[in-house]
Amino acid sequence: MISGIAITANSPTLLATKEELEKGLNGLLRKNIPLKNSLQNGVILAARAVQSPVVAQLISKESLTAAGKEGFVIRSVNYQGKNIIIITANNDIGILYGSFHFLRLLQTQQPVSNLKIISSPSLQLRLLNHWDNLNRYVERGYAGISIWNWHTLPGYIDPRYKDYARANASIGINGASITNVNANAMVLTKPYLEKCAALANVFRPYGIKLYLTAQIGRAHV
């Protein structure tokens with residue numbers, strides 16, 4: 001039985017992780033799963049080894065090495081007579097990926113009492129490629145109106161931008177090319193780069209890098 005969430009670090013990515021675990025667990029289990037400051041029976045501990053002596057003690061360096069840069073380790077363990085679940089990684093984004101994976105196990109009604117998972121991405125760059133133009137039309141009409149509303153950026157951040165980042169991170173996407181290769185080169189000017197920077201600030205906690213393409217070159221925000 002899951003009784004609580006223990007996650008003490010407050011980086012933007014771990015704050016996003018805490019939010020995902022709270023929303024996901026409360027929805028899937030149909031009850032409030034509180035945050036805990038101590039390890040009780042049924043607690044999910046989400047932390048890196050450098051943040052938690054318990055993780056450092058129970059998760060081997062070999063397991064973390066196997067997880068790689070953006071992978072994760074999930075273990076069901078007994079610690080001082082208490083059954084807990086550890087979600088850990090070598091960096092914060094790995095913990096976010098591991099948390100999404102754990103929620104997916106619950107959603108698909110998989111057993112979580114004896115977890116021994118090590119997962120590492122096969123590809124370093126996992127990119128979603130948009131074919132969007134600055135006038136909000138998608139090249140060749142593949143997908144209707146673009147999600148990116150350049151007229152309201154950077155002042156207004158559509159809540160869908162965060163939902164987009166969450167959806168991508170939930171399946172391990174870590175990059176998005178938000179314009180198509182024939183886009184107007186105006187996207188590389190200062191006003192549009194400021195708009196892109198506002199999007200990048202939304203995406204960064206979820207480990208997503210933004211890329212721009214245009215007729216005269218490329219830029220990375």
# chains A, B, ... in the order shown; residues from 1 in each chain; ligands from 1
>>> residues_around(residues="Trp131 of chain A", least_positions_apart="4", cutoff="7 Å", atoms="only C-alpha atoms", output="ChimeraX atom specification")
/A:138-139,179-180
>>> residues_around(residues="Val202 of chain A", least_positions_apart="3", cutoff="8 Å", atoms="only C-alpha atoms", output="PyMOL selection string")
chain A and resi 161-162+165+198-199+205
>>> write_last_selection(atoms="N, CA and C atoms", output="PDB file, in the first residue's frame")
ATOM      1  N   TYR A 161       1.207  24.838 -22.856  1.00  0.00           N
ATOM      2  CA  TYR A 161       2.640  24.669 -23.052  1.00  0.00           C
ATOM      3  C   TYR A 161       3.220  23.747 -21.968  1.00  0.00           C
ATOM      4  N   LYS A 162       2.748  23.940 -20.747  1.00  0.00           N
ATOM      5  CA  LYS A 162       3.199  23.055 -19.665  1.00  0.00           C
ATOM      6  C   LYS A 162       2.662  21.640 -19.871  1.00  0.00           C
ATOM      7  N   ALA A 165       4.816  19.951 -22.337  1.00  0.00           N
ATOM      8  CA  ALA A 165       6.087  19.522 -21.747  1.00  0.00           C
ATOM      9  C   ALA A 165       5.897  18.277 -20.888  1.00  0.00           C
ATOM     10  N   ALA A 198      10.913  32.289 -23.351  1.00  0.00           N
ATOM     11  CA  ALA A 198       9.792  32.089 -22.431  1.00  0.00           C
ATOM     12  C   ALA A 198       9.284  30.653 -22.499  1.00  0.00           C
ATOM     13  N   LEU A 199       9.226  30.097 -23.713  1.00  0.00           N
ATOM     14  CA  LEU A 199       8.849  28.690 -23.854  1.00  0.00           C
ATOM     15  C   LEU A 199       9.888  27.779 -23.222  1.00  0.00           C
ATOM     16  N   PRO A 205      12.295  22.552 -16.780  1.00  0.00           N
ATOM     17  CA  PRO A 205      12.156  21.601 -15.668  1.00  0.00           C
ATOM     18  C   PRO A 205      11.839  20.180 -16.116  1.00  0.00           C
TER      19      PRO A 205
END
>>> closest_residue(among="A:Leu125, A:Val43, A:Val77, A:Ile117", to="Gln57 of chain A", atoms="only C-alpha atoms")
A:Val77
>>> residues_around(residues="Asn114 of chain A", least_positions_apart="3", cutoff="8 Å", atoms="only C-alpha atoms", output="PDB file with N, CA, C and O atoms, in the first residue's frame")
ATOM      1  N   ARG A  75      13.289   0.510  -7.227  1.00  0.00           N
ATOM      2  CA  ARG A  75      13.449  -0.683  -6.401  1.00  0.00           C
ATOM      3  C   ARG A  75      12.387  -0.718  -5.302  1.00  0.00           C
ATOM      4  O   ARG A  75      12.106   0.289  -4.655  1.00  0.00           O
ATOM      5  N   SER A  76      11.812  -1.892  -5.082  1.00  0.00           N
ATOM      6  CA  SER A  76      11.021  -2.158  -3.885  1.00  0.00           C
ATOM      7  C   SER A  76      11.973  -2.761  -2.852  1.00  0.00           C
ATOM      8  O   SER A  76      12.604  -3.783  -3.124  1.00  0.00           O
ATOM      9  N   VAL A  77      12.128  -2.096  -1.706  1.00  0.00           N
ATOM     10  CA  VAL A  77      13.118  -2.541  -0.714  1.00  0.00           C
ATOM     11  C   VAL A  77      12.497  -2.545   0.671  1.00  0.00           C
ATOM     12  O   VAL A  77      11.457  -1.926   0.921  1.00  0.00           O
ATOM     13  N   PRO A 111       2.005  -5.133 -10.910  1.00  0.00           N
ATOM     14  CA  PRO A 111       2.404  -5.269  -9.503  1.00  0.00           C
ATOM     15  C   PRO A 111       3.619  -4.392  -9.188  1.00  0.00           C
ATOM     16  O   PRO A 111       4.532  -4.271 -10.006  1.00  0.00           O
TER      17      PRO A 111
END
>>> select_by_dssp(residues="segment 9-207 of chain A", states="alpha helix (DSSP H)", output="NGL selection string")
:A and (12-29 or 53-58 or 61-67 or 92-107 or 159-170 or 190-203)
>>> closest_residue(among="A:Ile5, A:Ala200, A:Ala176, A:Leu45", to="Arg126 of chain A", atoms="only C-alpha atoms")
A:Ala176
>>> closest_residue(among="A:Phe203, A:Gly172, A:Asn78, A:Leu188", to="Pro159 of chain A", atoms="only C-alpha atoms")
A:Phe203
>>> closest_residue(among="A:Leu39, A:Ile59, A:Leu29, A:Ala16", to="Arg166 of chain A", atoms="only C-alpha atoms")
A:Ala16
>>> closest_residue(among="A:Ala185, A:Cys196, A:Ile87, A:Ile147", to="Ile118 of chain A", atoms="only C-alpha atoms")
A:Ile87
>>> atom_distance(atom1="atom CA of Asn91 of chain A", atom2="atom CA of Leu15 of chain A")
13.6 Å
>>> residues_around(residues="Val112 of chain A", least_positions_apart="4", cutoff="9 Å", atoms="only C-alpha atoms", output="compact mmCIF listing (two decimals) with N, CA and C atoms, in the first residue's frame")
# COMPACT_ATOMS: atom_id res chain seq x y z
N SER A 76 11.81 -1.89 -5.08
CA SER A 76 11.02 -2.16 -3.89
C SER A 76 11.97 -2.76 -2.85
N ILE A 85 9.46 2.15 -1.63
CA ILE A 85 9.82 2.12 -3.05
C ILE A 85 10.77 3.28 -3.32
N PHE A 102 6.79 4.79 -13.05
CA PHE A 102 6.09 4.17 -11.92
C PHE A 102 4.59 4.43 -12.01
N LEU A 105 3.06 2.13 -14.46
CA LEU A 105 2.87 0.78 -13.92
C LEU A 105 1.56 0.69 -13.14
N LEU A 106 1.31 1.68 -12.31
CA LEU A 106 0.06 1.68 -11.55
C LEU A 106 -1.15 1.80 -12.48
>>> closest_residue(among="A:Ile208, A:Arg104, A:Val54, A:Leu193", to="Tyr164 of chain A", atoms="only C-alpha atoms")
A:Ile208
>>> residues_around(residues="Lys82 of chain A", least_positions_apart="2", cutoff="8 Å", atoms="only C-alpha atoms", output="count of residues only")
8
>>> atom_distance(atom1="atom CA of Gln51 of chain A", atom2="atom CA of Ser113 of chain A")
24.1 Å
>>> atom_distance(atom1="atom CA of Ser119 of chain A", atom2="atom CA of Pro12 of chain A")
22.6 Å
>>> residues_around(residues="Ser63 of chain A", least_positions_apart="2", cutoff="12 Å", atoms="only C-alpha atoms", output="short mmCIF file (atom, residue, chain, number, x, y, z; two decimals) with N, CA and C atoms, in the first residue's frame")
data_model
loop_
_atom_site.label_atom_id
_atom_site.label_comp_id
_atom_site.auth_asym_id
_atom_site.auth_seq_id
_atom_site.Cartn_x
_atom_site.Cartn_y
_atom_site.Cartn_z
N ALA A 49 21.27 9.67 -4.90
CA ALA A 49 22.10 9.14 -3.82
C ALA A 49 22.76 10.27 -3.03
N VAL A 55 19.16 6.12 -0.07
CA VAL A 55 19.38 5.73 -1.45
C VAL A 55 20.82 5.29 -1.66
N ALA A 56 21.75 6.04 -1.11
CA ALA A 56 23.17 5.70 -1.25
C ALA A 56 23.48 4.34 -0.65
N LEU A 58 21.21 1.74 -0.25
CA LEU A 58 20.44 0.63 -0.80
C LEU A 58 20.58 0.43 -2.30
N ILE A 59 21.00 1.46 -3.02
CA ILE A 59 21.12 1.35 -4.47
C ILE A 59 22.60 1.35 -4.83
N SER A 60 23.03 0.30 -5.51
CA SER A 60 24.45 0.15 -5.82
C SER A 60 24.92 1.14 -6.88
N LYS A 61 26.21 1.43 -6.84
CA LYS A 61 26.80 2.29 -7.87
C LYS A 61 26.71 1.63 -9.24
N THR A 65 25.21 3.30 -12.57
CA THR A 65 26.03 3.36 -13.78
C THR A 65 25.26 2.79 -14.96
N ALA A 66 24.55 1.70 -14.74
CA ALA A 66 23.76 1.07 -15.80
C ALA A 66 22.62 1.98 -16.26
N ALA A 67 22.11 2.82 -15.36
CA ALA A 67 21.02 3.73 -15.72
C ALA A 67 21.50 4.84 -16.63
N GLY A 68 22.77 5.18 -16.56
CA GLY A 68 23.31 6.20 -17.46
C GLY A 68 22.87 7.61 -17.10
N GLY A 71 18.71 7.79 -17.41
CA GLY A 71 17.92 6.64 -17.03
C GLY A 71 17.52 6.70 -15.57
N PHE A 72 16.95 5.62 -15.08
CA PHE A 72 16.48 5.61 -13.70
C PHE A 72 16.51 4.20 -13.13
N VAL A 73 16.44 4.13 -11.81
CA VAL A 73 16.37 2.87 -11.08
C VAL A 73 15.14 2.93 -10.17
N ILE A 74 14.35 1.88 -10.20
CA ILE A 74 13.20 1.76 -9.30
C ILE A 74 13.33 0.44 -8.54
N ARG A 75 13.29 0.51 -7.23
CA ARG A 75 13.45 -0.68 -6.40
C ARG A 75 12.39 -0.72 -5.30
N THR A 88 15.20 6.52 -8.19
CA THR A 88 16.43 7.29 -8.16
C THR A 88 17.09 7.30 -9.53
N ALA A 89 18.10 8.15 -9.66
CA ALA A 89 18.80 8.31 -10.93
C ALA A 89 20.07 9.10 -10.67
N ASN A 90 20.82 9.33 -11.72
CA ASN A 90 22.05 10.11 -11.60
C ASN A 90 21.80 11.61 -11.68
N LYS A 116 12.31 -4.29 -9.60
CA LYS A 116 13.76 -4.27 -9.80
C LYS A 116 14.00 -3.76 -11.23
N ILE A 117 13.89 -2.46 -11.38
CA ILE A 117 13.92 -1.85 -12.72
C ILE A 117 15.14 -0.97 -12.88
N ILE A 118 15.85 -1.18 -13.97
CA ILE A 118 16.89 -0.26 -14.42
C ILE A 118 16.58 0.06 -15.88
N SER A 119 16.41 1.33 -16.19
CA SER A 119 16.07 1.72 -17.55
C SER A 119 16.99 2.85 -18.00
N SER A 120 17.48 2.73 -19.23
CA SER A 120 18.36 3.75 -19.79
C SER A 120 17.97 4.00 -21.24
#
>>> residues_around(residues="Leu35 of chain A", least_positions_apart="2", cutoff="8 Å", atoms="only C-alpha atoms", output="list in words")
Gly4, Ile5, Ala6, Ile7, Ile33 and Asn37 of chain A
>>> select_by_dssp(residues="segment 39-94 of chain A", states="strand (DSSP E)", output="PyMOL selection string")
chain A and resi 43-46+72-79+82-88
